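**Q** Contents are PDB, C-alpha atoms; file name final.pdb:
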```
ATOM      1  CA  MET A 230      27.485 -41.823  44.025
ATOM      2  CA  ASN A 231      25.982 -45.220  43.122
ATOM      3  CA  GLY A 232      27.683 -48.612  43.176
ATOM      4  CA  THR A 233      28.332 -48.624  39.439
ATOM      5  CA  LEU A 234      30.130 -45.303  39.611
ATOM      6  CA  LEU A 235      32.216 -46.472  42.563
ATOM      7  CA  THR A 236      33.161 -49.619  40.662
ATOM      8  CA  THR A 237      34.163 -47.580  37.613
ATOM      9  CA  LEU A 238      36.213 -45.192  39.759
ATOM     10  CA  TRP A 239      37.965 -48.027  41.575
ATOM     11  CA  LEU A 240      38.713 -49.833  38.298
ATOM     12  CA  SER A 241      40.145 -46.664  36.742
ATOM     13  CA  LEU A 242      42.325 -45.978  39.786
ATOM     14  CA  LYS A 243      43.532 -49.594  39.836
ATOM     15  CA  ILE A 244      44.449 -49.545  36.154
ATOM     16  CA  ALA A 245      46.150 -46.139  36.365
ATOM     17  CA  ALA A 246      48.073 -47.025  39.534
ATOM     18  CA  THR A 247      49.229 -50.410  38.198
ATOM     19  CA  ALA A 248      50.323 -48.955  34.865
ATOM     20  CA  THR A 249      52.147 -46.085  36.580
ATOM     21  CA  LEU A 250      53.919 -48.393  39.036
ATOM     22  CA  LEU A 251      55.126 -50.752  36.301
ATOM     23  CA  ASN A 252      56.140 -47.865  34.053
ATOM     24  CA  THR A 253      58.091 -46.268  36.884
ATOM     25  CA  VAL A 254      60.316 -49.339  37.136
ATOM     26  CA  PHE A 255      60.884 -49.703  33.398
ATOM     27  CA  ALA A 256      60.998 -46.025  32.434
ATOM     28  CA  VAL A 257      63.409 -45.023  35.202
ATOM     29  CA  ALA A 258      65.738 -47.884  34.288
ATOM     30  CA  VAL A 259      65.668 -47.022  30.578
ATOM     31  CA  GLY A 260      65.990 -43.309  31.298
ATOM     32  CA  PHE A 261      69.098 -43.935  33.394
ATOM     33  CA  VAL A 262      70.674 -46.134  30.713
ATOM     34  CA  LEU A 263      70.110 -43.567  27.959
ATOM     35  CA  ALA A 264      71.331 -40.740  30.194
ATOM     36  CA  ARG A 265      74.591 -42.463  31.128
ATOM     37  CA  TRP A 266      75.539 -44.825  28.289
ATOM     38  CA  ARG A 267      76.497 -44.089  24.687
ATOM     39  CA  PHE A 268      75.817 -46.803  22.110
ATOM     40  CA  VAL A 269      74.867 -47.245  18.463
ATOM     41  CA  GLY A 270      71.155 -46.667  17.903
ATOM     42  CA  ARG A 271      70.722 -44.659  21.114
ATOM     43  CA  ASN A 272      68.926 -41.779  19.395
ATOM     44  CA  LEU A 273      66.743 -44.163  17.395
ATOM     45  CA  LEU A 274      65.725 -45.987  20.572
ATOM     46  CA  ASP A 275      64.899 -42.668  22.242
ATOM     47  CA  THR A 276      62.723 -41.727  19.261
ATOM     48  CA  ILE A 277      60.846 -45.038  19.303
ATOM     49  CA  LEU A 278      60.213 -44.821  23.043
ATOM     50  CA  THR A 279      58.912 -41.266  22.628
ATOM     51  CA  LEU A 280      56.529 -42.137  19.774
ATOM     52  CA  PRO A 281      53.480 -42.730  22.017
ATOM     53  CA  MET A 282      53.508 -38.997  22.813
ATOM     54  CA  VAL A 283      52.641 -38.138  19.211
ATOM     55  CA  LEU A 284      50.877 -41.229  17.825
ATOM     56  CA  PRO A 285      47.077 -41.310  18.077
ATOM     57  CA  PRO A 286      45.998 -43.612  20.922
ATOM     58  CA  THR A 287      43.921 -45.659  18.488
ATOM     59  CA  VAL A 288      47.079 -46.414  16.500
ATOM     60  CA  LEU A 289      48.771 -47.616  19.678
ATOM     61  CA  GLY A 290      45.687 -49.690  20.425
ATOM     62  CA  TYR A 291      45.889 -51.266  16.995
ATOM     63  CA  TYR A 292      49.554 -52.128  17.514
ATOM     64  CA  LEU A 293      48.674 -53.701  20.857
ATOM     65  CA  LEU A 294      45.918 -55.764  19.247
ATOM     66  CA  VAL A 295      48.349 -56.972  16.594
ATOM     67  CA  ALA A 296      50.941 -57.815  19.270
ATOM     68  CA  PHE A 297      48.711 -59.348  21.956
ATOM     69  CA  GLY A 298      45.651 -60.487  20.000
ATOM     70  CA  ARG A 299      44.419 -64.037  20.439
ATOM     71  CA  ASN A 300      45.741 -65.047  17.007
ATOM     72  CA  SER A 301      49.109 -63.307  17.319
ATOM     73  CA  THR A 302      52.303 -65.228  18.089
ATOM     74  CA  LEU A 303      52.721 -63.498  21.448
ATOM     75  CA  GLY A 304      49.042 -63.804  22.291
ATOM     76  CA  VAL A 305      48.992 -67.546  21.544
ATOM     77  CA  TRP A 306      52.176 -68.057  23.592
ATOM     78  CA  LEU A 307      50.760 -66.197  26.598
ATOM     79  CA  LYS A 308      47.536 -68.202  26.386
ATOM     80  CA  GLU A 309      49.182 -71.602  26.012
ATOM     81  CA  SER A 310      52.064 -71.050  28.439
ATOM     82  CA  PHE A 311      50.472 -68.958  31.199
ATOM     83  CA  HIS A 312      46.722 -69.038  30.418
ATOM     84  CA  ILE A 313      46.862 -65.242  30.044
ATOM     85  CA  ASN A 314      44.506 -63.404  27.718
ATOM     86  CA  LEU A 315      44.967 -59.640  27.598
ATOM     87  CA  VAL A 316      42.207 -58.735  25.146
ATOM     88  CA  PHE A 317      38.988 -57.502  26.823
ATOM     89  CA  THR A 318      40.518 -57.658  30.310
ATOM     90  CA  TRP A 319      41.565 -55.022  32.834
ATOM     91  CA  GLN A 320      45.133 -56.275  32.439
ATOM     92  CA  GLY A 321      44.877 -55.339  28.767
ATOM     93  CA  ALA A 322      43.773 -51.874  29.847
ATOM     94  CA  VAL A 323      46.904 -51.673  31.997
ATOM     95  CA  ILE A 324      49.066 -52.536  28.975
ATOM     96  CA  ALA A 325      47.302 -49.824  26.961
ATOM     97  CA  ALA A 326      47.835 -47.245  29.714
ATOM     98  CA  MET A 327      51.496 -48.257  29.987
ATOM     99  CA  ALA A 328      52.044 -47.836  26.254
ATOM    100  CA  VAL A 329      50.486 -44.370  26.239
ATOM    101  CA  THR A 330      52.151 -43.015  29.384
ATOM    102  CA  PHE A 331      55.636 -44.555  29.195
ATOM    103  CA  PRO A 332      57.256 -41.423  27.660
ATOM    104  CA  LEU A 333      55.775 -39.209  30.391
ATOM    105  CA  ILE A 334      58.016 -40.938  32.934
ATOM    106  CA  PHE A 335      60.890 -41.879  30.640
ATOM    107  CA  LYS A 336      61.619 -38.370  29.327
ATOM    108  CA  PRO A 337      61.628 -36.575  32.728
ATOM    109  CA  ALA A 338      63.644 -39.435  34.242
ATOM    110  CA  ARG A 339      66.290 -39.204  31.547
ATOM    111  CA  ALA A 340      66.466 -35.417  31.891
ATOM    112  CA  ALA A 341      66.715 -35.687  35.684
ATOM    113  CA  PHE A 342      69.564 -38.202  35.505
ATOM    114  CA  GLU A 343      71.399 -36.060  32.952
ATOM    115  CA  GLU A 344      71.299 -33.171  35.441
ATOM    116  CA  VAL A 345      72.989 -35.262  38.137
ATOM    117  CA  ASN A 346      76.669 -34.368  38.440
ATOM    118  CA  ALA A 347      78.585 -37.379  37.117
ATOM    119  CA  GLN A 348      81.531 -36.445  39.334
ATOM    120  CA  LEU A 349      79.442 -37.242  42.408
ATOM    121  CA  GLU A 350      78.754 -40.695  41.038
ATOM    122  CA  GLN A 351      82.428 -41.196  40.250
ATOM    123  CA  ALA A 352      83.391 -40.113  43.751
ATOM    124  CA  ALA A 353      81.036 -42.729  45.171
ATOM    125  CA  ARG A 354      82.701 -45.399  43.026
ATOM    126  CA  VAL A 355      86.130 -44.307  44.250
ATOM    127  CA  LEU A 356      84.860 -44.760  47.796
ATOM    128  CA  GLY A 357      84.076 -48.367  46.944
ATOM    129  CA  LEU A 358      80.325 -48.290  46.257
ATOM    130  CA  SER A 359      78.961 -50.780  43.751
ATOM    131  CA  GLU A 360      77.082 -49.607  40.672
ATOM    132  CA  ALA A 361      73.771 -50.532  42.304
ATOM    133  CA  ALA A 362      74.710 -48.601  45.446
ATOM    134  CA  VAL A 363      75.745 -45.582  43.376
ATOM    135  CA  PHE A 364      72.370 -45.621  41.643
ATOM    136  CA  PHE A 365      70.246 -45.960  44.777
ATOM    137  CA  ARG A 366      72.353 -43.789  47.091
ATOM    138  CA  VAL A 367      73.516 -41.031  44.722
ATOM    139  CA  SER A 368      71.815 -40.886  41.318
ATOM    140  CA  LEU A 369      68.220 -41.658  42.297
ATOM    141  CA  PRO A 370      68.079 -39.381  45.377
ATOM    142  CA  LEU A 371      69.351 -36.457  43.290
ATOM    143  CA  ALA A 372      66.914 -37.117  40.431
ATOM    144  CA  TRP A 373      63.788 -38.045  42.360
ATOM    145  CA  ARG A 374      61.929 -34.729  41.987
ATOM    146  CA  GLY A 375      62.038 -34.819  38.202
ATOM    147  CA  ILE A 376      61.033 -38.467  38.203
ATOM    148  CA  LEU A 377      58.118 -37.817  40.576
ATOM    149  CA  VAL A 378      56.783 -35.078  38.305
ATOM    150  CA  GLY A 379      56.741 -37.579  35.441
ATOM    151  CA  ILE A 380      55.026 -40.172  37.623
ATOM    152  CA  LEU A 381      52.257 -37.750  38.583
ATOM    153  CA  LEU A 382      51.672 -36.684  34.981
ATOM    154  CA  ALA A 383      51.658 -40.321  33.837
ATOM    155  CA  PHE A 384      49.085 -41.252  36.478
ATOM    156  CA  ALA A 385      46.808 -38.397  35.415
ATOM    157  CA  ARG A 386      47.151 -39.379  31.765
ATOM    158  CA  ALA A 387      46.527 -43.065  32.546
ATOM    159  CA  LEU A 388      43.412 -42.134  34.502
ATOM    160  CA  GLY A 389      42.005 -40.403  31.416
ATOM    161  CA  GLU A 390      43.210 -42.856  28.775
ATOM    162  CA  PHE A 391      40.513 -43.684  26.216
ATOM    163  CA  GLY A 392      41.513 -44.687  22.685
ATOM    164  CA  ALA A 393      44.079 -47.439  23.215
ATOM    165  CA  THR A 394      42.109 -48.832  26.163
ATOM    166  CA  LEU A 395      38.903 -49.081  24.140
ATOM    167  CA  MET A 396      40.759 -50.816  21.301
ATOM    168  CA  ILE A 397      42.291 -53.619  23.352
ATOM    169  CA  ALA A 398      40.090 -53.841  26.465
ATOM    170  CA  GLY A 399      36.707 -52.758  25.151
ATOM    171  CA  SER A 400      33.971 -51.465  27.441
ATOM    172  CA  ILE A 401      32.660 -54.144  29.785
ATOM    173  CA  PRO A 402      30.902 -52.608  32.829
ATOM    174  CA  GLY A 403      32.643 -53.603  36.032
ATOM    175  CA  GLN A 404      35.531 -55.223  34.151
ATOM    176  CA  THR A 405      37.112 -52.872  31.601
ATOM    177  CA  GLN A 406      34.889 -49.772  31.554
ATOM    178  CA  THR A 407      37.073 -46.933  32.828
ATOM    179  CA  LEU A 408      35.953 -43.403  33.714
ATOM    180  CA  SER A 409      36.816 -41.948  30.307
ATOM    181  CA  ILE A 410      34.901 -44.686  28.499
ATOM    182  CA  ALA A 411      31.971 -44.307  30.894
ATOM    183  CA  ILE A 412      31.882 -40.573  30.113
ATOM    184  CA  TYR A 413      31.781 -41.266  26.381
ATOM    185  CA  GLU A 414      28.975 -43.798  26.743
ATOM    186  CA  ALA A 415      27.004 -41.524  29.086
ATOM    187  CA  VAL A 416      27.152 -38.751  26.482
ATOM    188  CA  GLN A 417      26.111 -41.173  23.747
ATOM    189  CA  ALA A 418      23.178 -42.305  25.883
ATOM    190  CA  GLY A 419      22.148 -38.721  26.657
ATOM    191  CA  ASP A 420      22.745 -39.135  30.401
ATOM    192  CA  ASP A 421      24.040 -35.627  31.055
ATOM    193  CA  VAL A 422      23.841 -35.931  34.839
ATOM    194  CA  LEU A 423      26.169 -38.950  34.923
ATOM    195  CA  ALA A 424      28.466 -37.435  32.293
ATOM    196  CA  ASN A 425      28.759 -34.155  34.231
ATOM    197  CA  GLY A 426      29.492 -35.967  37.482
ATOM    198  CA  LEU A 427      32.207 -38.120  35.898
ATOM    199  CA  VAL A 428      33.764 -35.151  34.109
ATOM    200  CA  LEU A 429      33.930 -33.106  37.316
ATOM    201  CA  LEU A 430      35.454 -36.045  39.176
ATOM    202  CA  VAL A 431      38.197 -36.635  36.611
ATOM    203  CA  SER A 432      38.867 -32.907  36.267
ATOM    204  CA  ALA A 433      39.251 -32.470  40.040
ATOM    205  CA  VAL A 434      41.731 -35.336  40.299
ATOM    206  CA  CYS A 435      43.780 -34.033  37.360
ATOM    207  CA  ILE A 436      43.833 -30.473  38.755
ATOM    208  CA  VAL A 437      45.199 -31.727  42.072
ATOM    209  CA  ILE A 438      47.862 -33.762  40.299
ATOM    210  CA  LEU A 439      48.906 -30.849  38.061
ATOM    211  CA  LEU A 440      49.119 -28.468  41.020
ATOM    212  CA  THR A 441      51.319 -30.975  42.854
ATOM    213  CA  ALA A 442      53.559 -31.465  39.814
ATOM    214  CA  GLY A 443      53.846 -27.703  39.327
ATOM    215  CA  HIS A 444      54.834 -27.235  42.966
ATOM    216  CA  LEU A 445      57.534 -29.887  42.674
ATOM    217  CA  MET A 446      58.909 -28.251  39.527
ATOM    218  CA  ARG A 447      59.081 -24.862  41.256
ATOM    219  CA  VAL A 448      60.847 -26.389  44.258
ATOM    220  CA  LYS A 449      63.262 -28.169  41.918
ATOM    221  CA  GLY A 450      64.038 -24.901  40.208
ATOM    222  CA  GLY A 451      64.638 -23.155  43.550
ATOM    223  CA  ARG A 452      61.555 -20.959  43.288
ATOM    224  CA  LYS A 453      58.732 -20.666  45.796
TER     225      LYS A 453
END
```
Would you mind writing the structure in this file as structure tokens?
**A**
Amino acid sequence: MNGTLLTTLWLSLKIAATATLLNTVFAVAVGFVLARWRFVGRNLLDTILTLPMVLPPTVLGYYLLVAFGRNSTLGVWLKESFHINLVFTWQGAVIAAMAVTFPLIFKPARAAFEEVNAQLEQAARVLGLSEAAVFFRVSLPLAWRGILVGILLAFARALGEFGATLMIAGSIPGQTQTLSIAIYEAVQAGDDVLANGLVLLVSAVCIVILLTAGHLMRVKGGRK
């Protein structure tokens, strides 16, 4: 495995891990809110947050370019206020991976929280626990298996993300060229040896993740 391949692997793992970590915070919070609170527009919000599961990644990439492009309002504000430019950077690839994989954590998290017995949470409140304590000491511990399954699936999907990443981050070797993009370019260049090696590497990682997620789901369901 040469240095270029190691760099591409490390970059892909960094992007996937960062996107998954950030999504875990946001998706779990949103999943809990939608599982426990009733408000006007709740179903519409759920639909919008689930859209990345059905929209083509290139469409998501286009939306991201419109939102974070150098000439967009948000893009100009980020550049002038924080000297941040997301286009053609690995941070932009993280944003793309987050957009694509958000529902993979959000939906399982919401379902897991909905399965938690609300009476247990109410009992904790009666005992004097704050809302934050109820969440971290009752709700989250009871829902963690479902959430972890979503996290694993999101990481695997982020590791293989292609369309949205290429749209906003491009393909700069050592900077934004992820494994999936490297596979595409190896095929285009006729480098079958490199393409086969990258494909086997990604496939092995995804198989391990899926086996782990399947095991957790069986344990959650009480089956061995």
**Q** Report the distance between CA of Thr302 in chain A and CA of Asn252 in chain A in Å, rounded to one decimal place.
**A**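 For CA of Thr302 in chain A relative to CA of Asn252 in chain A, the distance reads 23.9 Å.
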**Q** Could you tell me which of A:Leu250, A:Ala326, A:Ala442, A:Val257 comes closest to Leu369 in chain A if we count all atoms listed in the file?
**A** A:Val257
**Q** May I have the residues within 8 Å of range 268-283 of chain A as a list in words, using all atoms listed in the file and disregarding those fewer than 5 positions away in the same chain?
**A**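 Using all atoms listed in the file, the neighbours found are Leu263, Leu289, Ala328, Val329, Thr330, Phe331, Pro332, Leu333 and Lys336 of chain A.
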**Q** Have a look at A:Val262, A:Ala398, A:Ala296, A:Ile244 and name the one nearest to Val316 in chain A; count all atoms listed in the file.
**A** A:Ala398
**Q** Please expand the PyMOL selection byres ((chain A and resi 350) around 12) into the concrete residues it hits in this file, giving the result as a PyMOL selection string.
**A** chain A and resi 265+342-349+351-371
**Q** Where atoms are missing, can you supply N, CA and C atoms for range 348-376 of chain A and output the lot as a short mmCIF file (atom, residue, chain, number, x, y, z; two decimals), keeping the file's coordinate frame?
**A**
```cif
data_model
loop_
_atom_site.label_atom_id
_atom_site.label_comp_id
_atom_site.auth_asym_id
_atom_site.auth_seq_id
_atom_site.Cartn_x
_atom_site.Cartn_y
_atom_site.Cartn_z
N GLN A 348 80.37 -36.39 38.44
CA GLN A 348 81.53 -36.44 39.33
C GLN A 348 81.14 -36.98 40.72
N LEU A 349 79.91 -36.70 41.14
CA LEU A 349 79.44 -37.24 42.41
C LEU A 349 79.32 -38.76 42.34
N GLU A 350 78.85 -39.25 41.21
CA GLU A 350 78.75 -40.70 41.04
C GLU A 350 80.14 -41.33 41.00
N GLN A 351 81.07 -40.67 40.32
CA GLN A 351 82.43 -41.20 40.25
C GLN A 351 83.10 -41.19 41.62
N ALA A 352 82.83 -40.17 42.40
CA ALA A 352 83.39 -40.11 43.75
C ALA A 352 82.87 -41.27 44.60
N ALA A 353 81.61 -41.60 44.43
CA ALA A 353 81.04 -42.73 45.17
C ALA A 353 81.70 -44.05 44.76
N ARG A 354 82.00 -44.18 43.48
CA ARG A 354 82.70 -45.40 43.03
C ARG A 354 84.10 -45.47 43.62
N VAL A 355 84.78 -44.34 43.68
CA VAL A 355 86.13 -44.31 44.25
C VAL A 355 86.09 -44.73 45.72
N LEU A 356 85.00 -44.39 46.39
CA LEU A 356 84.86 -44.76 47.80
C LEU A 356 84.48 -46.23 47.99
N GLY A 357 84.31 -46.92 46.87
CA GLY A 357 84.08 -48.37 46.94
C GLY A 357 82.64 -48.81 46.79
N LEU A 358 81.72 -47.90 46.44
CA LEU A 358 80.32 -48.29 46.26
C LEU A 358 80.15 -49.05 44.95
N SER A 359 79.29 -50.04 44.97
CA SER A 359 78.96 -50.78 43.75
C SER A 359 78.09 -49.92 42.85
N GLU A 360 77.91 -50.37 41.60
CA GLU A 360 77.08 -49.61 40.67
C GLU A 360 75.64 -49.49 41.18
N ALA A 361 75.13 -50.57 41.76
CA ALA A 361 73.77 -50.53 42.30
C ALA A 361 73.68 -49.54 43.46
N ALA A 362 74.70 -49.53 44.31
CA ALA A 362 74.71 -48.60 45.45
C ALA A 362 74.82 -47.16 44.97
N VAL A 363 75.62 -46.93 43.94
CA VAL A 363 75.74 -45.58 43.38
C VAL A 363 74.39 -45.10 42.86
N PHE A 364 73.68 -45.99 42.19
CA PHE A 364 72.37 -45.62 41.64
C PHE A 364 71.38 -45.27 42.75
N PHE A 365 71.26 -46.14 43.75
CA PHE A 365 70.25 -45.96 44.78
C PHE A 365 70.63 -44.93 45.85
N ARG A 366 71.93 -44.70 46.02
CA ARG A 366 72.35 -43.79 47.09
C ARG A 366 72.80 -42.41 46.59
N VAL A 367 73.06 -42.31 45.27
CA VAL A 367 73.52 -41.03 44.72
C VAL A 367 72.60 -40.56 43.59
N SER A 368 72.54 -41.33 42.51
CA SER A 368 71.82 -40.89 41.32
C SER A 368 70.33 -40.70 41.57
N LEU A 369 69.67 -41.73 42.10
CA LEU A 369 68.22 -41.66 42.30
C LEU A 369 67.80 -40.58 43.29
N PRO A 370 68.47 -40.45 44.45
CA PRO A 370 68.08 -39.38 45.38
C PRO A 370 68.21 -37.98 44.79
N LEU A 371 69.17 -37.77 43.89
CA LEU A 371 69.35 -36.46 43.29
C LEU A 371 68.37 -36.20 42.15
N ALA A 372 67.79 -37.26 41.60
CA ALA A 372 66.91 -37.12 40.43
C ALA A 372 65.44 -37.32 40.76
N TRP A 373 65.13 -37.57 42.02
CA TRP A 373 63.79 -38.04 42.36
C TRP A 373 62.69 -37.02 42.08
N ARG A 374 62.99 -35.72 42.22
CA ARG A 374 61.93 -34.73 41.99
C ARG A 374 61.46 -34.75 40.53
N GLY A 375 62.41 -34.77 39.62
CA GLY A 375 62.04 -34.82 38.20
C GLY A 375 61.28 -36.09 37.86
N ILE A 376 61.71 -37.19 38.45
CA ILE A 376 61.03 -38.47 38.20
C ILE A 376 59.61 -38.44 38.76
#
```
